[in-house]
file protein23.cif (mmCIF, C-alpha atoms)
data_model
#
loop_
_atom_site.group_PDB
_atom_site.id
_atom_site.type_symbol
_atom_site.label_atom_id
_atom_site.label_comp_id
_atom_site.auth_asym_id
_atom_site.auth_seq_id
_atom_site.Cartn_x
_atom_site.Cartn_y
_atom_site.Cartn_z
ATOM 1 C CA MET A 4 280.166 167.737 229.072
ATOM 2 C CA ARG A 5 278.543 167.020 232.420
ATOM 3 C CA GLY A 6 280.066 170.202 233.893
ATOM 4 C CA ILE A 7 278.802 172.266 230.964
ATOM 5 C CA ALA A 8 275.330 170.769 231.387
ATOM 6 C CA ASN A 9 275.375 171.589 235.109
ATOM 7 C CA ASN A 10 276.384 175.187 234.375
ATOM 8 C CA ILE A 11 273.551 175.558 231.867
ATOM 9 C CA ALA A 12 271.027 174.210 234.380
ATOM 10 C CA THR A 13 272.361 176.577 237.059
ATOM 11 C CA ASP A 14 272.189 179.568 234.697
ATOM 12 C CA GLU A 15 268.611 178.731 233.751
ATOM 13 C CA ALA A 16 267.585 178.377 237.385
ATOM 14 C CA PHE A 17 269.240 181.691 238.237
ATOM 15 C CA SER A 18 267.540 183.421 235.291
ATOM 16 C CA ALA A 19 264.185 181.959 236.297
ATOM 17 C CA LEU A 20 264.647 183.177 239.876
ATOM 18 C CA MET A 21 265.595 186.710 238.774
ATOM 19 C CA SER A 22 262.664 186.804 236.362
ATOM 20 C CA TRP A 23 260.321 185.898 239.214
ATOM 21 C CA TRP A 24 261.603 188.754 241.366
ATOM 22 C CA ALA A 25 261.342 191.154 238.411
ATOM 23 C CA MET A 26 257.717 190.162 237.840
ATOM 24 C CA ALA A 27 257.079 190.723 241.563
ATOM 25 C CA GLY A 28 258.423 194.280 241.177
ATOM 26 C CA VAL A 29 261.322 193.934 243.592
ATOM 27 C CA ASP A 30 264.217 193.565 241.195
ATOM 28 C CA SER A 31 265.935 196.733 242.439
ATOM 29 C CA ALA A 32 266.521 198.562 245.716
ATOM 30 C CA VAL A 33 264.081 201.349 246.609
ATOM 31 C CA ALA A 34 266.116 202.973 249.382
ATOM 32 C CA GLU A 35 269.630 202.996 250.773
ATOM 33 C CA ALA A 36 268.542 202.182 254.332
ATOM 34 C CA PRO A 37 266.615 198.998 255.178
ATOM 35 C CA VAL A 38 262.996 199.365 256.328
ATOM 36 C CA ASN A 39 261.215 197.029 258.719
ATOM 37 C CA TRP A 40 257.922 196.654 256.837
ATOM 38 C CA LEU A 41 256.622 194.214 259.480
ATOM 39 C CA ARG A 42 256.858 196.594 262.416
ATOM 40 C CA PRO A 43 253.527 197.508 264.043
ATOM 41 C CA ALA A 44 251.777 200.553 262.611
ATOM 42 C CA PRO A 45 251.855 203.658 264.841
ATOM 43 C CA ALA A 46 248.744 204.267 266.924
ATOM 44 C CA ARG A 47 246.161 206.594 265.413
ATOM 45 C CA PRO A 48 245.723 209.933 267.170
ATOM 46 C CA ALA A 49 242.577 210.150 269.257
ATOM 47 C CA HIS A 50 241.736 213.553 267.822
ATOM 48 C CA ALA A 51 243.410 214.309 264.521
ATOM 49 C CA ALA A 52 243.942 217.924 263.595
ATOM 50 C CA ARG A 53 241.585 219.407 261.022
ATOM 51 C CA ALA A 54 243.134 219.878 257.605
ATOM 52 C CA ASP A 55 243.549 223.500 256.585
ATOM 53 C CA VAL A 56 241.033 224.611 253.965
ATOM 54 C CA ALA A 57 242.912 227.786 253.254
ATOM 55 C CA THR A 58 246.367 228.875 254.310
ATOM 56 C CA PRO A 59 247.201 232.505 255.143
ATOM 57 C CA GLY A 60 247.745 234.282 251.867
ATOM 58 C CA GLY A 61 246.694 231.180 249.967
ATOM 59 C CA PRO A 62 243.569 230.460 247.910
ATOM 60 C CA GLN A 63 240.136 230.757 249.492
ATOM 61 C CA TYR A 64 238.021 227.723 248.663
ATOM 62 C CA PRO A 65 234.211 227.543 248.506
ATOM 63 C CA GLY A 66 232.474 226.567 251.723
ATOM 64 C CA SER A 67 229.814 224.191 250.381
ATOM 65 C CA VAL A 68 229.645 221.272 247.958
ATOM 66 C CA ASP A 69 227.318 223.098 245.527
ATOM 67 C CA LYS A 70 229.558 226.176 245.483
ATOM 68 C CA PHE A 71 232.607 223.961 245.004
ATOM 69 C CA HIS A 72 230.983 222.277 242.004
ATOM 70 C CA GLU A 73 230.070 225.632 240.470
ATOM 71 C CA TRP A 74 233.632 226.832 241.046
ATOM 72 C CA PHE A 75 235.003 223.682 239.433
ATOM 73 C CA ARG A 76 232.681 224.094 236.456
ATOM 74 C CA HIS A 77 233.017 227.788 235.654
ATOM 75 C CA SER A 78 236.110 229.313 237.261
ATOM 76 C CA GLU A 79 238.846 230.361 234.871
ATOM 77 C CA ASP A 80 241.282 230.408 237.778
ATOM 78 C CA GLN A 81 241.784 226.651 237.457
ATOM 79 C CA PRO A 82 244.746 224.888 235.821
ATOM 80 C CA GLU A 83 242.240 223.006 233.647
ATOM 81 C CA ALA A 84 241.199 226.271 231.985
ATOM 82 C CA ALA A 85 244.329 226.021 229.825
ATOM 83 C CA TRP A 86 243.847 222.330 228.996
ATOM 84 C CA PRO A 87 241.726 220.804 226.241
ATOM 85 C CA GLY A 88 238.552 218.880 227.029
ATOM 86 C CA GLU A 89 235.488 219.359 229.183
ATOM 87 C CA ARG A 90 235.896 219.384 232.935
ATOM 88 C CA ILE A 91 234.444 216.351 234.704
ATOM 89 C CA ILE A 92 232.922 217.572 237.954
ATOM 90 C CA PRO A 93 233.127 215.240 240.984
ATOM 91 C CA ALA A 94 229.996 213.212 241.687
ATOM 92 C CA CYS A 95 229.950 213.661 245.471
ATOM 93 C CA THR A 96 227.522 214.649 248.196
ATOM 94 C CA VAL A 97 228.095 215.333 251.889
ATOM 95 C CA ASN A 98 228.931 212.521 254.309
ATOM 96 C CA GLN A 99 228.895 209.592 251.894
ATOM 97 C CA PRO A 100 230.214 206.244 253.207
ATOM 98 C CA LEU A 101 233.004 206.164 250.613
ATOM 99 C CA MET A 102 234.744 208.604 248.279
ATOM 100 C CA ILE A 103 236.882 207.242 245.428
ATOM 101 C CA ILE A 104 239.621 209.532 244.134
ATOM 102 C CA THR A 105 241.594 208.963 240.947
ATOM 103 C CA ASP A 106 244.379 211.111 239.533
ATOM 104 C CA VAL A 107 243.084 212.266 236.129
ATOM 105 C CA PRO A 108 240.212 211.263 233.838
ATOM 106 C CA ASP A 109 241.031 208.445 231.421
ATOM 107 C CA PRO A 110 240.393 208.966 227.681
ATOM 108 C CA GLU A 111 237.237 206.820 228.039
ATOM 109 C CA ASP A 112 236.068 209.111 230.847
ATOM 110 C CA ALA A 113 236.543 212.188 228.677
ATOM 111 C CA ARG A 114 234.442 210.658 225.900
ATOM 112 C CA ALA A 115 231.682 209.570 228.286
ATOM 113 C CA GLY A 116 231.759 212.713 230.437
ATOM 114 C CA VAL A 117 231.931 210.710 233.687
ATOM 115 C CA LEU A 118 234.775 209.300 235.739
ATOM 116 C CA LEU A 119 235.678 205.589 235.718
ATOM 117 C CA ALA A 120 233.754 204.879 232.541
ATOM 118 C CA GLY A 121 236.108 202.286 231.005
ATOM 119 C CA ASP A 122 237.756 199.097 232.227
ATOM 120 C CA ALA A 123 238.792 200.797 235.469
ATOM 121 C CA GLY A 124 235.132 201.551 236.091
ATOM 122 C CA LYS A 125 234.193 197.905 235.594
ATOM 123 C CA LEU A 126 236.784 196.960 238.202
ATOM 124 C CA VAL A 127 235.438 199.550 240.638
ATOM 125 C CA ASP A 128 231.851 198.419 240.077
ATOM 126 C CA ALA A 129 232.840 194.797 240.768
ATOM 127 C CA MET A 130 234.648 195.860 243.952
ATOM 128 C CA LEU A 131 231.625 197.811 245.133
ATOM 129 C CA VAL A 132 229.254 194.922 244.417
ATOM 130 C CA ALA A 133 231.534 192.620 246.407
ATOM 131 C CA ALA A 134 231.325 195.119 249.288
ATOM 132 C CA GLY A 135 227.529 195.198 249.071
ATOM 133 C CA ILE A 136 227.210 198.758 247.773
ATOM 134 C CA SER A 137 226.582 200.375 244.391
ATOM 135 C CA ARG A 138 228.217 203.224 242.519
ATOM 136 C CA GLY A 139 225.339 205.495 243.411
ATOM 137 C CA ASP A 140 226.194 205.121 247.091
ATOM 138 C CA VAL A 141 229.729 206.529 246.770
ATOM 139 C CA GLY A 142 231.363 209.744 245.649
ATOM 140 C CA ILE A 143 233.826 209.757 242.758
ATOM 141 C CA ALA A 144 236.309 212.533 242.017
ATOM 142 C CA SER A 145 239.616 213.088 240.258
ATOM 143 C CA VAL A 146 242.451 215.291 241.439
ATOM 144 C CA ALA A 147 242.523 216.972 238.012
ATOM 145 C CA LEU A 148 239.177 217.784 236.384
ATOM 146 C CA THR A 149 240.461 217.133 232.862
ATOM 147 C CA ARG A 150 243.346 215.147 231.466
ATOM 148 C CA PRO A 151 246.475 217.338 231.217
ATOM 149 C CA PRO A 152 248.364 217.402 227.910
ATOM 150 C CA GLY A 153 250.348 214.189 227.695
ATOM 151 C CA GLY A 154 248.808 213.051 230.978
ATOM 152 C CA MET A 155 251.743 214.636 232.860
ATOM 153 C CA MET A 156 251.948 217.223 235.650
ATOM 154 C CA ASP A 157 254.949 218.781 237.343
ATOM 155 C CA ALA A 158 255.401 218.779 241.118
ATOM 156 C CA LYS A 159 254.231 222.378 241.604
ATOM 157 C CA LEU A 160 250.998 221.843 239.680
ATOM 158 C CA SER A 161 250.406 218.513 241.402
ATOM 159 C CA ALA A 162 250.770 220.156 244.822
ATOM 160 C CA ARG A 163 248.258 222.838 243.857
ATOM 161 C CA LEU A 164 245.693 220.264 242.730
ATOM 162 C CA VAL A 165 246.224 218.124 245.823
ATOM 163 C CA ALA A 166 245.640 221.159 248.075
ATOM 164 C CA ARG A 167 242.417 221.852 246.177
ATOM 165 C CA MET A 168 241.280 218.236 246.564
ATOM 166 C CA ARG A 169 242.010 218.274 250.299
ATOM 167 C CA ALA A 170 239.885 221.406 250.678
ATOM 168 C CA TYR A 171 237.094 219.739 248.714
ATOM 169 C CA MET A 172 237.300 216.637 250.931
ATOM 170 C CA ALA A 173 237.012 218.814 254.041
ATOM 171 C CA VAL A 174 233.690 220.111 252.687
ATOM 172 C CA VAL A 175 232.360 216.780 251.366
ATOM 173 C CA LYS A 176 233.335 214.947 254.593
ATOM 174 C CA PRO A 177 233.256 211.330 253.354
ATOM 175 C CA GLN A 178 233.385 208.598 255.975
ATOM 176 C CA ARG A 179 236.169 206.790 254.106
ATOM 177 C CA VAL A 180 238.371 207.614 251.113
ATOM 178 C CA LEU A 181 239.823 205.161 248.578
ATOM 179 C CA LEU A 182 242.788 206.394 246.534
ATOM 180 C CA PHE A 183 242.454 204.570 243.217
ATOM 181 C CA GLY A 184 245.676 203.947 241.320
ATOM 182 C CA ASP A 185 249.377 204.229 242.034
ATOM 183 C CA LYS A 186 249.644 207.781 240.654
ATOM 184 C CA THR A 187 246.821 208.955 242.889
ATOM 185 C CA VAL A 188 248.498 207.438 245.936
ATOM 186 C CA ARG A 189 251.789 209.114 245.079
ATOM 187 C CA MET A 190 250.075 212.479 244.635
ATOM 188 C CA MET A 191 247.952 212.363 247.786
ATOM 189 C CA ARG A 192 250.426 210.484 249.998
ATOM 190 C CA GLY A 193 253.676 211.535 248.414
ATOM 191 C CA ASP A 194 255.903 210.690 251.383
ATOM 192 C CA MET A 195 254.655 207.119 251.859
ATOM 193 C CA LEU A 196 257.748 205.558 250.259
ATOM 194 C CA SER A 197 260.336 207.791 251.902
ATOM 195 C CA PRO A 198 263.087 205.870 253.739
ATOM 196 C CA GLY A 199 262.099 205.068 257.304
ATOM 197 C CA ASN A 200 258.409 205.860 256.803
ATOM 198 C CA ALA A 201 255.858 203.107 257.275
ATOM 199 C CA LEU A 202 252.558 203.215 255.411
ATOM 200 C CA ARG A 203 250.218 205.396 257.429
ATOM 201 C CA ASP A 204 246.834 207.052 257.394
ATOM 202 C CA ILE A 205 246.204 210.656 256.423
ATOM 203 C CA TYR A 206 243.312 212.444 258.104
ATOM 204 C CA HIS A 207 240.913 215.181 257.085
ATOM 205 C CA ASP A 208 239.089 215.962 260.294
ATOM 206 C CA THR A 209 239.024 212.442 261.820
ATOM 207 C CA VAL A 210 238.493 210.444 258.618
ATOM 208 C CA PRO A 211 241.357 208.218 257.416
ATOM 209 C CA ILE A 212 242.411 208.243 253.780
ATOM 210 C CA GLY A 213 243.547 204.754 252.805
#
call {"tool": "encode", "arguments": {"input": "protein23.cif", "output": "C-alpha cells"}}
result
Amino acid sequence: MRGIANNIATDEAFSALMSWWAMAGVDSAVAEAPVNWLRPAPARPAHAARADVATPGGPQYPGSVDKFHEWFRHSEDQPEAAWPGERIIPACTVNQPLMIITDVPDPEDARAGVLLAGDAGKLVDAMLVAAGISRGDVGIASVALTRPPGGMMDAKLSARLVARMRAYMAVVKPQRVLLFGDKTVRMMRGDMLSPGNALRDIYHDTVPIG
C-alpha cells in the first residue's frame, strides 16, 4: 500500500509539473536546433538602409500621409474592396512619438469605426497613461483596413498588406513603432522565430520597430 501511495504522489507531482510548463507555453519544442536566447543582441547598424517604398515593377504608393489616407479610403485596388465592412483608416500624422500597429480590426472596432475600441483599447489606454502619454499623442493603424472573412489571410495576401504598411510607415515616419498582438508580430517580423535567429529590430529609415 505504501508503494502504491508513493506512486500516486509521484504521478500527481509529475502531472502538476507538466501542467505548469503547459500553462507557461513551453510544453513542446519549437525548433530542432537549440537556440541560445541569452546571447547578446547584435549591434544595431549605425546607418540602417531605407526601406523600399516601391520595388521595380511593383505597386507605386502615395507620397504623403493625406494621399495615403485618400488611397486607403477610396481605392478599389485594395484587398479590402472585396471584403465586407467599412474600412478603418489609420489615425496617424507625420513624426509622432509612437505608432501602434495591430493586425486587423476587432469586431468592436468595426462597430465603433475606430481601432482599439474594445477591451484591447482599454489595455492600450492604460499602457499609454502609465507611460505618461495619451491616445491622441500616438498613431494607430492596422495592417488590414477591414476584418477579412473569418479573420484569416493567406501568406500571399499577408505579404501584400505588410508591404503596403511598410510603405505607409516610411511616409508617416514615427519615432517608435509598437506591434500590438502576436499575429501582428508574426506578420511584420515573420522570421523572428526561425531557428538560429535572435529577436531583433527592424528598421524603416533609422527607426526601430519593436
call {"tool": "atom_distance", "arguments": {"input": "protein23.cif", "atom1": "atom CA of Leu118 of chain A", "atom2": "atom CA of Gly139 of chain A"}}
result
12.7 Å
call {"tool": "resolve_selection", "arguments": {"input": "protein23.cif", "expression": "the PyMOL selection byres ((chain A and resi 142-145) around 8)", "output": "ChimeraX atom specification"}}
result
/A:92-96,99,101-108,118,138-141,146-148
call {"tool": "atom_distance", "arguments": {"input": "protein23.cif", "atom1": "atom CA of Phe71 of chain A", "atom2": "atom CA of Met130 of chain A"}}
result
28.2 Å
call {"tool": "residues_around", "arguments": {"input": "protein23.cif", "residues": "segment 73-89 of chain A", "least_positions_apart": "3", "cutoff": "8 Å", "atoms": "all atoms listed in the file", "output": "list in words"}}
result
Pro65, Asp69, Lys70, Ile92, Ala113, Gly116, Ala147, Leu148, Thr149, Arg150, Pro151, Pro152 and Leu160 of chain A
call {"tool": "write_last_selection", "arguments": {"input": "protein23.cif", "atoms": "C-alpha atoms", "output": "compact mmCIF listing (two decimals), in the coordinates of the input"}}
result
# COMPACT_ATOMS: atom_id res chain seq x y z
CA PRO A 65 234.21 227.54 248.51
CA ASP A 69 227.32 223.10 245.53
CA LYS A 70 229.56 226.18 245.48
CA ILE A 92 232.92 217.57 237.95
CA ALA A 113 236.54 212.19 228.68
CA GLY A 116 231.76 212.71 230.44
CA ALA A 147 242.52 216.97 238.01
CA LEU A 148 239.18 217.78 236.38
CA THR A 149 240.46 217.13 232.86
CA ARG A 150 243.35 215.15 231.47
CA PRO A 151 246.48 217.34 231.22
CA PRO A 152 248.36 217.40 227.91
CA LEU A 160 251.00 221.84 239.68
call {"tool": "atom_distance", "arguments": {"input": "protein23.cif", "atom1": "atom CA of Val180 of chain A", "atom2": "atom CA of Met26 of chain A"}}
result
29.2 Å
call {"tool": "closest_residue", "arguments": {"input": "protein23.cif", "among": "A:Met168, A:Met191, A:Gly184, A:Asn39", "to": "Leu126 of chain A", "atoms": "all atoms listed in the file"}}
result
A:Gly184
call {"tool": "closest_residue", "arguments": {"input": "protein23.cif", "among": "A:Phe183, A:Met190, A:Phe17, A:Ala129", "to": "Arg169 of chain A", "atoms": "all atoms listed in the file"}}
result
A:Met190
call {"tool": "closest_residue", "arguments": {"input": "protein23.cif", "among": "A:Arg42, A:Asp128, A:Gly66, A:Trp24", "to": "Ala170 of chain A", "atoms": "all atoms listed in the file"}}
result
A:Gly66
call {"tool": "axis_aligned_box", "arguments": {"input": "protein23.cif", "around": "segment 165-171 of chain A", "padding_each_side": "3 Å", "output": "JSON"}}
result
{"center_x": 241.7, "center_y": 220.0, "center_z": 248.3, "size_x": 15.1, "size_y": 9.7, "size_z": 10.9}
call {"tool": "closest_residue", "arguments": {"input": "protein23.cif", "among": "A:Ala25, A:Asp109, A:Ala16, A:Tyr64", "to": "Met172 of chain A", "atoms": "all atoms listed in the file"}}
result
A:Tyr64
call {"tool": "closest_residue", "arguments": {"input": "protein23.cif", "among": "A:Arg192, A:Gly135, A:Arg179, A:Trp23", "to": "Ala166 of chain A", "atoms": "all atoms listed in the file"}}
result
A:Arg192
call {"tool": "decode", "arguments": {"input": "protein23.cif", "residues": "segment 180-193 of chain A", "atoms": "all heavy atoms", "output": "compact mmCIF listing (two decimals), in the first residue's frame"}}
result
# COMPACT_ATOMS: atom_id res chain seq x y z
N VAL A 180 7.72 52.32 -33.09
CA VAL A 180 6.56 51.54 -33.52
C VAL A 180 6.35 50.39 -32.54
O VAL A 180 7.30 49.70 -32.16
CB VAL A 180 6.76 50.97 -34.95
CG1 VAL A 180 5.60 50.06 -35.34
CG2 VAL A 180 6.89 52.11 -35.95
N LEU A 181 5.10 50.21 -32.11
CA LEU A 181 4.73 49.10 -31.23
C LEU A 181 3.83 48.15 -32.01
O LEU A 181 2.75 48.55 -32.48
CB LEU A 181 4.00 49.61 -29.99
CG LEU A 181 3.37 48.55 -29.08
CD1 LEU A 181 4.46 47.65 -28.47
CD2 LEU A 181 2.55 49.20 -27.98
N LEU A 182 4.28 46.91 -32.19
CA LEU A 182 3.46 45.89 -32.84
C LEU A 182 2.59 45.26 -31.77
O LEU A 182 3.08 44.62 -30.85
CB LEU A 182 4.35 44.84 -33.51
CG LEU A 182 5.35 45.38 -34.54
CD1 LEU A 182 6.17 44.24 -35.13
CD2 LEU A 182 4.64 46.17 -35.64
N PHE A 183 1.28 45.42 -31.90
CA PHE A 183 0.34 45.02 -30.85
C PHE A 183 -0.31 43.68 -31.21
O PHE A 183 -1.08 43.59 -32.16
CB PHE A 183 -0.74 46.10 -30.68
CG PHE A 183 -1.60 45.91 -29.47
CD1 PHE A 183 -1.11 46.23 -28.21
CD2 PHE A 183 -2.89 45.42 -29.58
CE1 PHE A 183 -1.89 46.06 -27.08
CE2 PHE A 183 -3.67 45.25 -28.46
CZ PHE A 183 -3.18 45.57 -27.20
N GLY A 184 0.04 42.65 -30.46
CA GLY A 184 -0.56 41.34 -30.68
C GLY A 184 0.37 40.38 -31.38
O GLY A 184 1.19 40.77 -32.22
N ASP A 185 0.23 39.10 -31.03
CA ASP A 185 1.10 38.07 -31.58
C ASP A 185 0.96 37.96 -33.09
O ASP A 185 1.96 37.80 -33.81
CB ASP A 185 0.76 36.73 -30.91
CG ASP A 185 1.58 35.58 -31.48
OD1 ASP A 185 2.80 35.57 -31.24
OD2 ASP A 185 1.01 34.72 -32.16
N LYS A 186 -0.26 38.05 -33.62
CA LYS A 186 -0.45 37.94 -35.07
C LYS A 186 0.24 39.08 -35.81
O LYS A 186 0.81 38.88 -36.89
CB LYS A 186 -1.94 37.90 -35.40
CG LYS A 186 -2.64 36.62 -34.97
CD LYS A 186 -4.10 36.63 -35.41
CE LYS A 186 -4.80 35.34 -35.01
NZ LYS A 186 -6.23 35.34 -35.42
N THR A 187 0.18 40.27 -35.23
CA THR A 187 0.84 41.41 -35.87
C THR A 187 2.34 41.20 -35.91
O THR A 187 3.00 41.47 -36.92
CB THR A 187 0.51 42.70 -35.10
OG1 THR A 187 -0.89 42.78 -34.86
CG2 THR A 187 0.96 43.92 -35.89
N VAL A 188 2.90 40.71 -34.81
CA VAL A 188 4.34 40.45 -34.76
C VAL A 188 4.73 39.43 -35.82
O VAL A 188 5.72 39.59 -36.54
CB VAL A 188 4.75 39.97 -33.36
CG1 VAL A 188 6.20 39.48 -33.35
CG2 VAL A 188 4.57 41.08 -32.34
N ARG A 189 3.94 38.37 -35.94
CA ARG A 189 4.27 37.32 -36.91
C ARG A 189 4.15 37.82 -38.35
O ARG A 189 4.88 37.37 -39.22
CB ARG A 189 3.36 36.11 -36.69
CG ARG A 189 3.66 35.38 -35.38
CD ARG A 189 2.74 34.18 -35.18
NE ARG A 189 3.01 33.52 -33.93
CZ ARG A 189 3.98 32.64 -33.73
NH1 ARG A 189 4.77 32.31 -34.73
NH2 ARG A 189 4.16 32.10 -32.55
N MET A 190 3.22 38.75 -38.59
CA MET A 190 3.10 39.31 -39.93
C MET A 190 4.25 40.24 -40.26
O MET A 190 4.89 40.13 -41.31
CB MET A 190 1.77 40.07 -40.07
CG MET A 190 0.53 39.21 -40.06
SD MET A 190 -1.00 40.18 -40.09
CE MET A 190 -0.96 40.79 -41.78
N MET A 191 4.56 41.16 -39.33
CA MET A 191 5.56 42.19 -39.61
C MET A 191 6.98 41.71 -39.40
O MET A 191 7.91 42.24 -39.98
CB MET A 191 5.29 43.41 -38.72
CG MET A 191 3.94 44.08 -38.95
SD MET A 191 3.79 44.84 -40.59
CE MET A 191 4.99 46.17 -40.47
N ARG A 192 7.17 40.72 -38.52
CA ARG A 192 8.50 40.19 -38.24
C ARG A 192 8.45 38.68 -38.38
O ARG A 192 8.77 37.94 -37.45
CB ARG A 192 8.94 40.60 -36.83
CG ARG A 192 8.94 42.09 -36.61
CD ARG A 192 9.30 42.44 -35.18
NE ARG A 192 10.66 42.09 -34.85
CZ ARG A 192 11.24 42.39 -33.69
NH1 ARG A 192 10.57 43.03 -32.76
NH2 ARG A 192 12.49 42.05 -33.46
N GLY A 193 8.09 38.21 -39.54
CA GLY A 193 7.77 36.81 -39.73
C GLY A 193 8.91 35.85 -39.49
O GLY A 193 8.68 34.67 -39.23
